[in-house]
Structures are given as structure tokens and as C-alpha cells.
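The data block below is protein36.pdb; it holds PDB, C-alpha atoms.
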ATOM      1  CA  MET N   1     106.260  47.838 151.408
ATOM      2  CA  ARG N   2     108.957  45.423 150.546
ATOM      3  CA  ASN N   3     106.574  43.421 148.370
ATOM      4  CA  LYS N   4     105.545  46.536 146.542
ATOM      5  CA  ASN N   5     109.174  47.357 145.690
ATOM      6  CA  ARG N   6     109.735  43.804 144.498
ATOM      7  CA  ARG N   7     106.732  43.980 142.191
ATOM      8  CA  GLN N   8     107.923  47.238 140.660
ATOM      9  CA  LYS N   9     111.385  45.829 140.248
ATOM     10  CA  SER N  10     110.059  42.705 138.573
ATOM     11  CA  LYS N  11     107.942  44.806 136.188
ATOM     12  CA  ILE N  12     110.989  46.839 135.201
ATOM     13  CA  LEU N  13     113.081  43.721 134.691
ATOM     14  CA  ALA N  14     110.302  42.171 132.625
ATOM     15  CA  PHE N  15     110.177  45.301 130.405
ATOM     16  CA  LEU N  16     113.939  45.460 129.736
ATOM     17  CA  PRO N  17     114.081  42.339 127.568
ATOM     18  CA  MET N  18     111.293  43.833 125.389
ATOM     19  CA  LEU N  19     113.388  46.939 124.804
ATOM     20  CA  SER N  20     116.414  44.953 123.849
ATOM     21  CA  GLN N  21     114.372  42.888 121.383
ATOM     22  CA  LYS N  22     113.050  45.968 119.501
ATOM     23  CA  LYS N  23     114.748  46.490 116.187
ATOM     24  CA  GLY N  24     115.917  49.867 114.839
ATOM     25  CA  ILE N  25     115.075  51.219 111.415
ATOM     26  CA  SER N  26     116.789  49.486 108.553
ATOM     27  CA  GLY N  27     119.758  50.994 106.720
ATOM     28  CA  VAL N  28     117.707  51.440 103.543
ATOM     29  CA  VAL N  29     115.010  53.445 105.312
ATOM     30  CA  GLU N  30     117.666  55.530 107.025
ATOM     31  CA  ALA N  31     119.328  56.293 103.673
ATOM     32  CA  VAL N  32     115.989  57.277 102.087
ATOM     33  CA  ILE N  33     115.210  59.634 104.980
ATOM     34  CA  MET N  34     118.675  61.260 104.741
ATOM     35  CA  ILE N  35     118.299  61.741 100.972
ATOM     36  CA  ALA N  36     114.832  63.269 101.421
ATOM     37  CA  LEU N  37     116.172  65.684 104.074
ATOM     38  CA  ALA N  38     119.086  66.660 101.817
ATOM     39  CA  ILE N  39     116.745  67.302  98.868
ATOM     40  CA  ALA N  40     114.423  69.385 101.047
ATOM     41  CA  LEU N  41     117.342  71.461 102.344
ATOM     42  CA  ILE N  42     118.755  72.000  98.851
ATOM     43  CA  SER N  43     115.296  73.036  97.602
ATOM     44  CA  ILE N  44     114.904  75.627 100.353
ATOM     45  CA  VAL N  45     118.362  77.094  99.683
ATOM     46  CA  TRP N  46     117.666  77.147  95.919
ATOM     47  CA  VAL N  47     114.395  79.048  96.338
ATOM     48  CA  VAL N  48     115.977  81.677  98.605
ATOM     49  CA  VAL N  49     119.054  82.196  96.412
ATOM     50  CA  ASN N  50     117.013  82.218  93.196
ATOM     51  CA  ASN N  51     114.689  84.928  94.536
ATOM     52  CA  LEU N  52     117.643  87.091  95.583
ATOM     53  CA  VAL N  53     119.408  86.708  92.242
ATOM     54  CA  GLN N  54     116.263  87.333  90.186
ATOM     55  CA  GLY N  55     115.589  90.537  92.141
ATOM     56  CA  ARG N  56     119.093  91.842  91.457
ATOM     57  CA  LEU N  57     118.974  90.857  87.795
ATOM     58  CA  GLY N  58     115.681  92.690  87.351
ATOM     59  CA  GLU N  59     117.265  95.897  88.644
ATOM     60  CA  ALA N  60     120.349  95.581  86.466
ATOM     61  CA  GLU N  61     118.421  94.474  83.394
ATOM     62  CA  SER N  62     116.876  97.913  82.839
ATOM     63  CA  CYS N  63     120.351  99.449  82.362
ATOM     64  CA  PHE N  64     121.870  96.598  80.373
ATOM     65  CA  GLY N  65     123.262  97.745  77.028
ATOM     66  CA  VAL N  66     122.493 101.426  77.619
ATOM     67  CA  PHE N  67     126.023 102.753  78.123
ATOM     68  CA  ASP N  68     126.938 103.447  74.493
ATOM     69  CA  LYS N  69     123.406 104.426  73.443
ATOM     70  CA  VAL N  70     123.165 107.662  75.422
ATOM     71  CA  THR N  71     125.777 110.220  74.398
ATOM     72  CA  ILE N  72     126.691 113.865  74.665
ATOM     73  CA  ASN N  73     127.179 115.245  71.154
ATOM     74  CA  SER N  74     130.338 117.329  71.578
ATOM     75  CA  ARG N  75     129.808 118.975  68.171
ATOM     76  CA  TYR N  76     126.859 120.926  69.597
ATOM     77  CA  THR N  77     128.139 121.337  73.144
ATOM     78  CA  CYS N  78     129.709 124.694  73.958
ATOM     79  CA  TYR N  79     129.892 127.523  76.496
ATOM     80  CA  ASN N  80     128.614 131.038  75.738
ATOM     81  CA  SER N  81     130.510 133.366  78.073
ATOM     82  CA  SER N  82     128.647 136.483  76.920
ATOM     83  CA  GLY N  83     125.294 134.959  77.883
ATOM     84  CA  ASP N  84     126.490 132.766  80.788
ATOM     85  CA  GLU N  85     124.944 129.783  78.993
ATOM     86  CA  LEU N  86     125.936 126.196  78.427
ATOM     87  CA  ARG N  87     124.613 124.624  75.254
ATOM     88  CA  PHE N  88     124.668 120.833  75.169
ATOM     89  CA  SER N  89     123.278 118.144  72.938
ATOM     90  CA  ILE N  90     122.111 114.693  74.006
ATOM     91  CA  THR N  91     121.667 111.827  71.561
ATOM     92  CA  LEU N  92     119.724 108.647  72.283
ATOM     93  CA  GLY N  93     120.442 105.564  70.208
ATOM     94  CA  ASP N  94     118.293 102.483  69.807
ATOM     95  CA  ILE N  95     116.887 102.633  73.323
ATOM     96  CA  ASP N  96     113.373 102.734  74.769
ATOM     97  CA  ASN N  97     111.894 103.638  78.144
ATOM     98  CA  VAL N  98     114.097 106.614  79.065
ATOM     99  CA  GLU N  99     111.981 108.349  81.691
ATOM    100  CA  ASP N 100     114.310 111.212  82.638
ATOM    101  CA  ILE N 101     117.876 112.325  82.030
ATOM    102  CA  LEU N 102     119.947 113.524  84.978
ATOM    103  CA  VAL N 103     122.342 116.331  84.029
ATOM    104  CA  SER N 104     125.234 117.464  86.206
ATOM    105  CA  ILE N 105     127.291 120.592  85.459
ATOM    106  CA  SER N 106     130.432 121.044  87.588
ATOM    107  CA  GLY N 107     132.718 124.027  87.868
ATOM    108  CA  GLU N 108     134.424 126.426  90.280
ATOM    109  CA  GLY N 109     133.826 124.212  93.325
ATOM    110  CA  ALA N 110     130.096 123.860  92.729
ATOM    111  CA  THR N 111     127.876 121.342  90.970
ATOM    112  CA  THR N 112     124.407 121.942  89.589
ATOM    113  CA  SER N 113     122.216 118.927  88.894
ATOM    114  CA  PHE N 114     118.757 118.725  87.371
ATOM    115  CA  LYS N 115     116.508 116.312  85.522
ATOM    116  CA  ILE N 116     115.242 116.691  82.003
ATOM    117  CA  LYS N 117     111.688 115.390  82.096
ATOM    118  CA  GLU N 118     109.195 114.981  79.303
ATOM    119  CA  ASP N 119     106.908 118.025  79.068
ATOM    120  CA  ALA N 120     108.142 119.532  82.329
ATOM    121  CA  SER N 121     110.081 122.729  82.625
ATOM    122  CA  THR N 122     113.263 122.964  84.654
ATOM    123  CA  THR N 123     114.352 126.390  85.848
ATOM    124  CA  GLY N 124     117.088 127.720  83.576
ATOM    125  CA  LEU N 125     116.715 124.990  80.938
ATOM    126  CA  VAL N 126     115.281 125.713  77.490
ATOM    127  CA  ASN N 127     115.185 123.951  74.138
ATOM    128  CA  TYR N 128     117.583 125.101  71.458
ATOM    129  CA  PRO N 129     117.071 127.040  69.183
ATOM    130  CA  SER N 130     113.451 127.895  70.041
ATOM    131  CA  ARG N 131     114.259 128.749  73.686
ATOM    132  CA  THR N 132     110.899 127.308  74.739
ATOM    133  CA  PRO N 133     110.887 126.315  78.411
ATOM    134  CA  ALA N 134     108.933 123.067  78.048
ATOM    135  CA  THR N 135     111.680 120.526  77.484
ATOM    136  CA  GLU N 136     111.468 117.150  75.836
ATOM    137  CA  ILE N 137     113.634 114.076  76.097
ATOM    138  CA  PRO N 138     115.056 112.977  72.740
ATOM    139  CA  ASN N 139     113.133 110.161  71.098
ATOM    140  CA  LYS N 140     114.660 106.839  70.124
ATOM    141  CA  ASN N 141     117.494 107.347  67.577
ATOM    142  CA  GLN N 142     117.296 111.140  67.890
ATOM    143  CA  GLY N 143     119.140 113.995  69.521
ATOM    144  CA  ARG N 144     118.101 117.239  71.140
ATOM    145  CA  THR N 145     120.036 120.370  72.063
ATOM    146  CA  TYR N 146     119.403 122.407  75.214
ATOM    147  CA  ILE N 147     120.597 125.654  76.746
ATOM    148  CA  TYR N 148     121.134 125.947  80.492
ATOM    149  CA  SER N 149     121.747 129.241  82.261
ATOM    150  CA  PRO N 150     123.057 130.860  84.295
ATOM    151  CA  VAL N 151     126.484 129.253  84.175
ATOM    152  CA  PRO N 152     128.684 132.172  85.248
ATOM    153  CA  ASP N 153     132.037 130.488  84.591
ATOM    154  CA  MET N 154     133.363 127.940  82.124
ATOM    155  CA  PRO N 155     132.283 124.546  83.512
ATOM    156  CA  ASP N 156     134.822 121.851  84.333
ATOM    157  CA  SER N 157     132.579 118.976  83.290
ATOM    158  CA  LEU N 158     129.162 117.990  81.995
ATOM    159  CA  GLU N 159     127.755 114.558  82.831
ATOM    160  CA  ILE N 160     124.469 112.874  81.970
ATOM    161  CA  ALA N 161     122.792 109.705  83.224
ATOM    162  CA  PRO N 162     119.578 108.220  81.843
ATOM    163  CA  ILE N 163     116.881 107.059  84.230
ATOM    164  CA  ILE N 164     115.159 103.902  83.009
ATOM    165  CA  ASN N 165     112.413 102.111  84.949
ATOM    166  CA  GLY N 166     113.156 104.303  87.954
ATOM    167  CA  LYS N 167     116.852 103.319  88.041
ATOM    168  CA  MET N 168     119.693 105.710  87.305
ATOM    169  CA  CYS N 169     121.974 104.097  84.739
ATOM    170  CA  GLU N 170     125.584 104.869  83.993
ATOM    171  CA  GLY N 171     126.016 107.563  81.393
ATOM    172  CA  PRO N 172     128.792 108.302  78.920
ATOM    173  CA  ASN N 173     132.149 109.801  79.822
ATOM    174  CA  PRO N 174     131.790 113.419  80.912
ATOM    175  CA  VAL N 175     132.651 116.302  78.610
ATOM    176  CA  GLN N 176     135.536 118.219  80.151
ATOM    177  CA  GLN N 177     136.506 120.645  77.399
ATOM    178  CA  PHE N 178     134.119 123.216  76.016
ATOM    179  CA  ASP N 179     134.383 125.318  72.884
ATOM    180  CA  ASP N 180     133.206 128.921  72.813
ATOM    181  CA  CYS N 181     129.750 128.977  71.212
ATOM    182  CA  SER N 182     130.622 132.116  69.224
ATOM    183  CA  SER N 183     133.245 130.109  67.305
ATOM    184  CA  LEU N 184     130.660 127.558  66.172
ATOM    185  CA  VAL N 185     128.735 128.137  62.953
ATOM    186  CA  GLU N 186     125.006 127.987  63.604
TER     187      GLU N 186
END

What does this structure look like when you write it as C-alpha cells?
Amino acid sequence: MRNKNRRQKSKILAFLPMLSQKKGISGVVEAVIMIALAIALISIVWVVVNNLVQGRLGEAESCFGVFDKVTINSRYTCYNSSGDELRFSITLGDIDNVEDILVSISGEGATTSFKIKEDASTTGLVNYPSRTPATEIPNKNQGRTYIYSPVPDMPDSLEIAPIINGKMCEGPNPVQQFDDCSSLVE
């Protein structure tokens, strides 16, 4: 048994000098490996961040430059107290791809919101002056006037927001003062 232990011990001792004679990787190879790892890590981070940013830009891009091109024409916006109607006019500038227009009428602690859709009727909304129920969104560089009823009291505000590529964009400042329609010349 003692001989067996000696043989194992001598094998281990014979192996140790071999380990100590092995050389490590050179400094140049080590530097190349570190640079390659750094480039790989930077590439992975770049791909992830780029995809996130491109996704967000795509969403925002549909509303870019729309703010001043969708307006409420205050000249043709008024309240008719005898008919409980709100007449309002929307003008689109040099803008394409408006799918819908979200309209919000606020007053007396309540808000009514609805969408103006192409060739779809909305309860209480008609075209002016024809009073036809099938509404249309204004075309590029055009305006259109609508009548909404019932609006039993003078509204506090009227807001609109265009919907482009399925995204609701910011609309113009709300109208907060309304003339009486009977004082306007038709």
C-alpha cells in the first residue's frame, strides 16, 4: 500500500513541473479578445436601443407637423340656444391620412365626445347646411361645418383631435367662447 501511495505521489510531482512550464496567452491575443468582446457587447446594446427608438419615432412621426394644420374655424362656430345646437367648423391644412376626428364638447359638469368618421353617421351630428346625417371629414386644404345637438346649455369648451394612422394627435387650442348663431349672418 505504501508503494502505491509513493507511485501516485511521484506521478503528481512529475506532473507539476509540466504545469509550471505551460505558458499563458500572450498580451496581444488577450487584447484582441477583449476588443472583440467589447465590440460584440456594444453591437448588442446598439441593436436593442435602435429598435426601441425606431418604434417610438414611428409612433410620433404620424403626428409630426400636424398641430397647426387642424383648426377650429371660430368664424363659423357658434351656439344656437333656440335649437340646442352647436355649430362648429373644422379646417384641415396641407395634411393627409386623417382617419377620424375626435370632438369633445364640455359644459355644465359633463363632457360629450364622439368621432367624425368618413361616411359614417354619428347620433346628433349632421352636415351644415344640408343637415344630412352622413358626415364627411374635410379633405386636404378644406373645411367643413357641422351641427351637433342636443346641447342644452352653452358649452364651456370645444376641442378636436385628429386621428392619423390609428394615433390620436394633439389638436388646436380649444374654443372657449361661443357666439350666438342668430347674430351671425348666414

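Candidate residues N:Arg75, N:Arg56, N:Lys69, N:Lys115 were compared for distance to Gln142 of chain N, and the nearest is N:Lys69, using only C-alpha atoms.
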
*Among the residues N:Ile35, N:Ile163, N:Val175, N:Cys78, the one that comes closest to Thr145 of chain N [using only C-alpha atoms]*: N:Cys78

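Between atom CA of Phe67 of chain N and atom CA of Gly171 of chain N there is a distance of 5.8 Å.
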
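Here atom CA of Thr132 of chain N is placed at a distance of 23.5 Å from atom CA of Asp153 of chain N.
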
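When atom CA of Val103 of chain N is paired with atom CA of Ser81 of chain N, their separation reads 19.8 Å.
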
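This file gives the following result for the PyMOL selection byres ((chain N and resi 135) around 9): Ile116, Lys117, Glu118, Asp119, Ala120, Ser121, Thr122, Leu125, Val126, Asn127, Thr132, Pro133, Ala134, Glu136, Ile137 and Tyr146 of chain N.
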
Residues of the last selection are to be written out with C-alpha atoms, as a PDB file, keeping the file's coordinate frame.
ATOM      1  CA  ILE N 116     115.242 116.691  82.003  1.00  0.00           C
ATOM      2  CA  LYS N 117     111.688 115.390  82.096  1.00  0.00           C
ATOM      3  CA  GLU N 118     109.195 114.981  79.303  1.00  0.00           C
ATOM      4  CA  ASP N 119     106.908 118.025  79.068  1.00  0.00           C
ATOM      5  CA  ALA N 120     108.142 119.532  82.329  1.00  0.00           C
ATOM      6  CA  SER N 121     110.081 122.729  82.625  1.00  0.00           C
ATOM      7  CA  THR N 122     113.263 122.964  84.654  1.00  0.00           C
ATOM      8  CA  LEU N 125     116.715 124.990  80.938  1.00  0.00           C
ATOM      9  CA  VAL N 126     115.281 125.713  77.490  1.00  0.00           C
ATOM     10  CA  ASN N 127     115.185 123.951  74.138  1.00  0.00           C
ATOM     11  CA  THR N 132     110.899 127.308  74.739  1.00  0.00           C
ATOM     12  CA  PRO N 133     110.887 126.315  78.411  1.00  0.00           C
ATOM     13  CA  ALA N 134     108.933 123.067  78.048  1.00  0.00           C
ATOM     14  CA  GLU N 136     111.468 117.150  75.836  1.00  0.00           C
ATOM     15  CA  ILE N 137     113.634 114.076  76.097  1.00  0.00           C
ATOM     16  CA  TYR N 146     119.403 122.407  75.214  1.00  0.00           C
TER      17      TYR N 146
END

*asked:* Please list as a PyMOL selection string every residue within 12 Å of Leu92 of chain N, counting only C-alpha atoms and excluding residues in the same chain fewer than 2 positions away.
replied: chain N and resi 66-73+89-90+94-98+100-101+137-145+160-162+171-172

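Omitting Gln177 of chain N and its sequence neighbours fewer than 2 positions away, and counting only C-alpha atoms, the residues within 10 Å are Ser74, Thr77, Cys78, Tyr79, Met154, Pro155, Asp156, Ser157, Leu158, Pro174, Val175 and Asp179 of chain N.
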
*Could you name the residues that touch Ser82 of chain N at 12 Å or less, counting all atoms listed in the file, but leaving out those on the same chain fewer than 4 positions away, as number ranges by chain?*
N: 86, 149-154, 180-182
